[in-house]
>>> print(open('input37.txt').read())   # compact mmCIF, C-alpha atoms and all ligand atoms
# COMPACT_ATOMS: atom_id res chain seq x y z
CA MET E 1 4.28 17.59 50.82
CA ASP E 2 2.93 19.45 47.81
CA CYS E 3 6.02 19.18 45.61
CA ILE E 4 5.80 18.55 41.85
CA PHE E 5 9.14 16.73 41.73
CA CYS E 6 8.26 14.47 44.69
CA LYS E 7 5.08 13.60 42.77
CA ILE E 8 7.18 12.72 39.71
CA VAL E 9 9.40 10.51 41.90
CA SER E 10 6.35 8.72 43.37
CA GLY E 11 4.72 8.37 39.93
CA ASN E 12 1.73 10.53 40.89
CA ILE E 13 2.36 12.85 37.97
CA PRO E 14 3.85 11.71 34.67
CA ALA E 15 7.25 12.65 33.32
CA ARG E 16 9.44 11.64 30.40
CA LYS E 17 11.95 9.68 32.44
CA ILE E 18 15.35 9.00 30.93
CA GLU E 19 17.26 7.13 33.59
CA GLU E 20 17.24 6.57 37.31
CA THR E 21 19.33 5.17 40.13
CA GLN E 22 18.15 4.22 43.60
CA LYS E 23 18.70 7.82 44.73
CA SER E 24 18.32 10.03 41.63
CA LEU E 25 16.12 10.51 38.59
CA ALA E 26 16.61 12.22 35.21
CA PHE E 27 13.66 13.36 33.10
CA LEU E 28 12.89 15.90 30.39
CA ASP E 29 11.96 19.41 31.46
CA ALA E 30 8.28 20.00 30.60
CA PHE E 31 9.07 23.52 29.29
CA PRO E 32 12.40 22.97 27.52
CA LEU E 33 14.76 25.86 26.77
CA THR E 34 16.46 23.75 24.10
CA LYS E 35 15.93 20.27 22.64
CA GLY E 36 16.98 17.71 25.24
CA HIS E 37 16.67 20.04 28.28
CA THR E 38 16.83 17.57 31.17
CA LEU E 39 16.41 17.81 34.93
CA VAL E 40 18.27 15.54 37.31
CA ILE E 41 16.87 15.36 40.84
CA PRO E 42 17.50 13.52 44.08
CA LYS E 43 14.59 11.21 44.95
CA THR E 44 14.67 12.59 48.49
CA HIS E 45 13.19 16.06 48.90
CA TYR E 46 15.85 18.68 49.61
CA ALA E 47 15.25 22.38 48.99
CA LYS E 48 18.96 23.29 48.75
CA ILE E 49 22.16 21.41 47.90
CA GLN E 50 23.80 22.04 51.28
CA GLU E 51 21.04 19.97 52.95
CA MET E 52 21.95 16.87 50.93
CA THR E 53 23.82 13.87 52.26
CA LYS E 54 27.17 13.11 50.66
CA GLU E 55 25.74 9.90 49.20
CA ASP E 56 22.77 11.66 47.61
CA SER E 57 24.79 14.55 46.18
CA SER E 58 27.44 12.21 44.84
CA ASP E 59 24.81 9.97 43.22
CA LEU E 60 23.04 13.03 41.75
CA PHE E 61 26.24 14.39 40.21
CA GLU E 62 27.19 10.98 38.82
CA LEU E 63 23.79 10.68 37.11
CA ALA E 64 24.17 14.26 35.82
CA LYS E 65 27.53 13.24 34.30
CA THR E 66 26.00 10.14 32.68
CA ILE E 67 23.16 12.12 31.11
CA THR E 68 25.50 14.92 30.05
CA ASN E 69 27.57 12.32 28.24
CA LYS E 70 24.45 11.11 26.40
CA LEU E 71 23.35 14.67 25.56
CA GLU E 72 26.80 15.63 24.32
CA SER E 73 26.81 12.69 21.94
CA LEU E 74 23.86 14.49 20.28
CA PHE E 75 24.56 18.18 20.95
CA PRO E 76 27.91 20.01 21.13
CA ALA E 77 27.90 21.38 24.70
CA SER E 78 25.74 22.00 27.76
CA LEU E 79 24.78 24.63 30.27
CA ILE E 80 24.67 22.87 33.65
CA ALA E 81 22.85 24.93 36.26
CA ILE E 82 21.35 24.83 39.73
CA HIS E 83 19.18 27.58 41.12
CA ASN E 84 19.73 27.31 44.86
CA GLY E 85 16.91 29.18 46.62
CA LYS E 86 13.84 31.16 45.60
CA GLU E 87 15.79 34.43 45.44
CA SER E 88 18.05 32.97 42.75
CA GLY E 89 15.15 32.09 40.48
CA GLN E 90 14.43 28.58 41.79
CA GLU E 91 10.78 27.95 41.03
CA VAL E 92 10.48 24.35 42.19
CA PRO E 93 11.83 24.04 45.74
CA HIS E 94 13.29 20.55 45.22
CA VAL E 95 16.97 20.39 44.25
CA HIS E 96 17.43 19.91 40.51
CA ILE E 97 20.28 20.18 38.06
CA HIS E 98 19.38 21.66 34.68
CA LEU E 99 21.23 20.03 31.78
CA ILE E 100 20.58 22.35 28.85
CA PRO E 101 22.13 21.44 25.51
CA ARG E 102 23.87 24.45 23.93
CA ASN E 103 25.39 25.29 20.59
CA SER E 104 27.43 28.23 19.38
CA SER E 105 24.49 29.83 17.53
CA ASP E 106 21.89 29.67 20.34
CA LYS E 107 22.54 33.32 21.31
CA ALA E 108 22.18 32.56 25.04
CA GLY E 109 25.65 33.98 25.64
CA PRO E 110 28.05 33.49 28.55
CA VAL E 111 26.97 33.30 32.20
CA HIS E 112 27.72 37.03 32.54
CA SER E 113 24.80 37.80 30.22
CA LEU E 114 22.42 36.71 33.01
CA PHE E 115 23.18 39.93 34.88
CA THR E 116 22.71 43.32 33.28
CA SER E 117 24.70 45.34 35.81
CA ARG E 118 28.23 44.40 36.87
CA PRO E 119 29.35 45.69 40.26
CA LYS E 120 32.92 46.95 40.72
CA PHE E 121 34.75 46.08 43.94
CA THR E 122 37.83 47.67 45.45
CA ASP E 123 40.75 45.46 46.52
CA MET E 124 39.76 46.15 50.13
CA GLU E 125 36.19 44.94 49.52
CA LEU E 126 37.46 41.79 47.78
CA ASP E 127 39.85 41.08 50.66
CA GLU E 128 37.01 41.58 53.10
CA ILE E 129 34.66 39.13 51.36
CA VAL E 130 37.35 36.48 51.00
CA ASN E 131 38.29 36.84 54.69
CA THR E 132 34.66 36.69 55.74
CA LEU E 133 34.13 33.52 53.70
CA ARG E 134 37.31 31.90 55.05
CA ASN E 135 36.11 32.58 58.60
CA THR E 136 32.51 31.47 58.04
CA LYS E 137 31.67 27.91 59.07
P1 LIG G 201 13.83 26.28 38.35
O1 LIG G 201 13.22 27.53 37.78
O2 LIG G 201 13.23 25.93 39.68
O3 LIG G 201 15.32 26.27 38.33
O4 LIG G 201 13.43 25.13 37.34
C1 LIG G 201 12.24 24.39 37.42
C2 LIG G 201 12.10 23.66 36.11
O5 LIG G 201 11.07 22.69 36.25
C3 LIG G 201 11.68 24.58 34.96
O6 LIG G 201 12.66 24.51 33.93
C4 LIG G 201 10.33 24.04 34.54
O7 LIG G 201 10.16 24.08 33.14
C5 LIG G 201 10.34 22.61 35.05
N1 LIG G 201 9.04 22.08 35.42
C6 LIG G 201 8.07 22.71 36.14
N2 LIG G 201 7.02 21.89 36.32
C7 LIG G 201 7.33 20.71 35.71
C8 LIG G 201 6.63 19.47 35.57
O8 LIG G 201 5.50 19.27 36.04
N3 LIG G 201 7.27 18.48 34.88
C9 LIG G 201 8.51 18.64 34.35
N4 LIG G 201 9.05 17.62 33.69
N5 LIG G 201 9.20 19.81 34.47
C10 LIG G 201 8.61 20.83 35.14
ZN ZN G 202 10.13 17.43 46.51
>>> encode(input="input37.txt", output="structure tokens", more="lines below")
Ligand code: 5GP
Ligand code: ZN
Amino acid sequence: MDCIFCKIVSGNIPARKIEETQKSLAFLDAFPLTKGHTLVIPKTHYAKIQEMTKEDSSDLFELAKTITNKLESLFPASLIAIHNGKESGQEVPHVHIHLIPRNSSDKAGPVHSLFTSRPKFTDMELDEIVNTLRNTK
């Protein structure tokens, strides 16, 4: 499969690796948004988180916590993000968690600043979406 992150896992392309487990790998993002911007990936290729086994997702999140702890000994806080699917802005179709060190003067703003328009929903529409989600398997 022609996947950049699978090639990093197999060692076919280089990366600045920080730490790994049997199932997960953490390395620096090649185009960092801030100093220390790290990606944590499962070693198995999954496009989306809901495809992952419990063992792989648990291991991935544990490594993300470990690296976040390291980063937050150097930087005050982090943005922790997953783009799940091409339509959400995911450019590499291999699950990855972004760990992006943040500080109060970085001007990146809250998560709401990602979206320029804010939809308004009626109570009926909110009830409908919550009911639909409750009844969706
Ligand atoms: P996405 O947009 O899919 O959420 O994030 C993909 C991330 O992978 C981007 O932040 C991008 O900078 C990073 N990236 C793309 N290609 C490479 C690469 O070859 N090596 C590393 N270390 N990071 C990469
Ligand atoms: Zn892959």
>>> atom_distance(input="input37.txt", atom1="atom N4 of ligand LIG 201 (chain G)", atom2="CA of Ala15 (chain E)")
5.3 Å
>>> residues_around(input="input37.txt", residues="region 72-76 of chain E", least_positions_apart="2", cutoff="8 Å", atoms="only C-alpha atoms", output="PDB file with C-alpha atoms, in the frame of the given file")
ATOM      1  CA  THR E  68      25.500  14.920  30.050  1.00  0.00           C
ATOM      2  CA  ASN E  69      27.570  12.320  28.240  1.00  0.00           C
ATOM      3  CA  LYS E  70      24.450  11.110  26.400  1.00  0.00           C
ATOM      4  CA  SER E  78      25.740  22.000  27.760  1.00  0.00           C
ATOM      5  CA  PRO E 101      22.130  21.440  25.510  1.00  0.00           C
ATOM      6  CA  ARG E 102      23.870  24.450  23.930  1.00  0.00           C
ATOM      7  CA  ASN E 103      25.390  25.290  20.590  1.00  0.00           C
TER       8      ASN E 103
END
>>> closest_atom_pairs(input="input37.txt", of="chain E", to="ligand LIG 201 (chain G)", cutoff="10 Å", atoms="all atoms listed in the file", output="JSON lines")
{"residue": "E:Cys3", "atom": "CA", "partner": "G:LIG201", "partner_atom": "O8", "distance": 9.6}
{"residue": "E:Ile4", "atom": "CA", "partner": "G:LIG201", "partner_atom": "O8", "distance": 5.9}
{"residue": "E:Phe5", "atom": "CA", "partner": "G:LIG201", "partner_atom": "C8", "distance": 7.2}
{"residue": "E:Lys7", "atom": "CA", "partner": "G:LIG201", "partner_atom": "O8", "distance": 8.8}
{"residue": "E:Ile8", "atom": "CA", "partner": "G:LIG201", "partner_atom": "N3", "distance": 7.5}
{"residue": "E:Ile13", "atom": "CA", "partner": "G:LIG201", "partner_atom": "O8", "distance": 7.4}
{"residue": "E:Pro14", "atom": "CA", "partner": "G:LIG201", "partner_atom": "N3", "distance": 7.6}
{"residue": "E:Ala15", "atom": "CA", "partner": "G:LIG201", "partner_atom": "N4", "distance": 5.3}
{"residue": "E:Arg16", "atom": "CA", "partner": "G:LIG201", "partner_atom": "N4", "distance": 6.8}
{"residue": "E:Lys17", "atom": "CA", "partner": "G:LIG201", "partner_atom": "N4", "distance": 8.5}
{"residue": "E:Ala26", "atom": "CA", "partner": "G:LIG201", "partner_atom": "N4", "distance": 9.4}
{"residue": "E:Phe27", "atom": "CA", "partner": "G:LIG201", "partner_atom": "N4", "distance": 6.3}
{"residue": "E:Leu28", "atom": "CA", "partner": "G:LIG201", "partner_atom": "N4", "distance": 5.3}
{"residue": "E:Asp29", "atom": "CA", "partner": "G:LIG201", "partner_atom": "N4", "distance": 4.1}
{"residue": "E:Ala30", "atom": "CA", "partner": "G:LIG201", "partner_atom": "N4", "distance": 4.0}
{"residue": "E:Phe31", "atom": "CA", "partner": "G:LIG201", "partner_atom": "O7", "distance": 4.0}
{"residue": "E:Pro32", "atom": "CA", "partner": "G:LIG201", "partner_atom": "O7", "distance": 6.2}
{"residue": "E:Leu33", "atom": "CA", "partner": "G:LIG201", "partner_atom": "O6", "distance": 7.6}
{"residue": "E:His37", "atom": "CA", "partner": "G:LIG201", "partner_atom": "O6", "distance": 8.2}
{"residue": "E:Thr38", "atom": "CA", "partner": "G:LIG201", "partner_atom": "N4", "distance": 8.2}
{"residue": "E:Leu39", "atom": "CA", "partner": "G:LIG201", "partner_atom": "O5", "distance": 7.4}
{"residue": "E:Ala81", "atom": "CA", "partner": "G:LIG201", "partner_atom": "O3", "distance": 7.9}
{"residue": "E:Ile82", "atom": "CA", "partner": "G:LIG201", "partner_atom": "O3", "distance": 6.4}
{"residue": "E:His83", "atom": "CA", "partner": "G:LIG201", "partner_atom": "O3", "distance": 4.9}
{"residue": "E:Asn84", "atom": "CA", "partner": "G:LIG201", "partner_atom": "O3", "distance": 7.9}
{"residue": "E:Gly85", "atom": "CA", "partner": "G:LIG201", "partner_atom": "O2", "distance": 8.5}
{"residue": "E:Lys86", "atom": "CA", "partner": "G:LIG201", "partner_atom": "O2", "distance": 7.9}
{"residue": "E:Ser88", "atom": "CA", "partner": "G:LIG201", "partner_atom": "O3", "distance": 8.5}
{"residue": "E:Gly89", "atom": "CA", "partner": "G:LIG201", "partner_atom": "O1", "distance": 5.6}
{"residue": "E:Gln90", "atom": "CA", "partner": "G:LIG201", "partner_atom": "O2", "distance": 3.6}
{"residue": "E:Glu91", "atom": "CA", "partner": "G:LIG201", "partner_atom": "O2", "distance": 3.5}
{"residue": "E:Val92", "atom": "CA", "partner": "G:LIG201", "partner_atom": "O2", "distance": 4.0}
{"residue": "E:Pro93", "atom": "CA", "partner": "G:LIG201", "partner_atom": "O2", "distance": 6.5}
{"residue": "E:His94", "atom": "CA", "partner": "G:LIG201", "partner_atom": "O2", "distance": 7.7}
{"residue": "E:Val95", "atom": "CA", "partner": "G:LIG201", "partner_atom": "O2", "distance": 8.1}
{"residue": "E:His96", "atom": "CA", "partner": "G:LIG201", "partner_atom": "O3", "distance": 7.0}
{"residue": "E:Ile97", "atom": "CA", "partner": "G:LIG201", "partner_atom": "O3", "distance": 7.9}
{"residue": "E:His98", "atom": "CA", "partner": "G:LIG201", "partner_atom": "O3", "distance": 7.1}
{"residue": "E:Leu99", "atom": "CA", "partner": "G:LIG201", "partner_atom": "O6", "distance": 9.9}
{"residue": "E:Ile100", "atom": "CA", "partner": "G:LIG201", "partner_atom": "O6", "distance": 9.7}
>>> closest_residue(input="input37.txt", among="E:Val111, E:Ile80, E:Met1, E:Leu60", to="Glu19 (chain E)", atoms="only C-alpha atoms")
E:Leu60
>>> closest_residue(input="input37.txt", among="E:Cys6, E:Lys65, E:Lys120, E:Leu133", to="Pro42 (chain E)", atoms="only C-alpha atoms")
E:Cys6
>>> closest_residue(input="input37.txt", among="E:Val40, E:Ser24, E:Ile67, E:His45", to="ligand ZN 202 (chain G)", atoms="all atoms listed in the file")
E:His45
>>> atom_distance(input="input37.txt", atom1="CA of Ser117 (chain E)", atom2="CA of Ile129 (chain E)")
19.5 Å
>>> closest_residue(input="input37.txt", among="E:Gly36, E:Gln22, E:Lys43, E:Asn12", to="ligand ZN 202 (chain G)", atoms="only C-alpha atoms and all ligand atoms")
E:Lys43
>>> axis_aligned_box(input="input37.txt", around="region 44-57 of chain E", padding_each_side="4 Å", output="AutoDock Vina command-line options")
--center_x 20.2 --center_y 16.6 --center_z 49.6 --size_x 22.0 --size_y 21.4 --size_z 14.8
>>> atom_distance(input="input37.txt", atom1="CA of Leu71 (chain E)", atom2="CA of Ala47 (chain E)")
26.0 Å
>>> closest_residue(input="input37.txt", among="E:Glu20, E:Thr44, E:Thr132, E:Phe115", to="ligand ZN 202 (chain G)", atoms="all atoms listed in the file")
E:Thr44
>>> closest_residue(input="input37.txt", among="E:Glu62, E:Glu87, E:Asp2, E:Glu55", to="ligand ZN 202 (chain G)", atoms="all atoms listed in the file")
E:Asp2
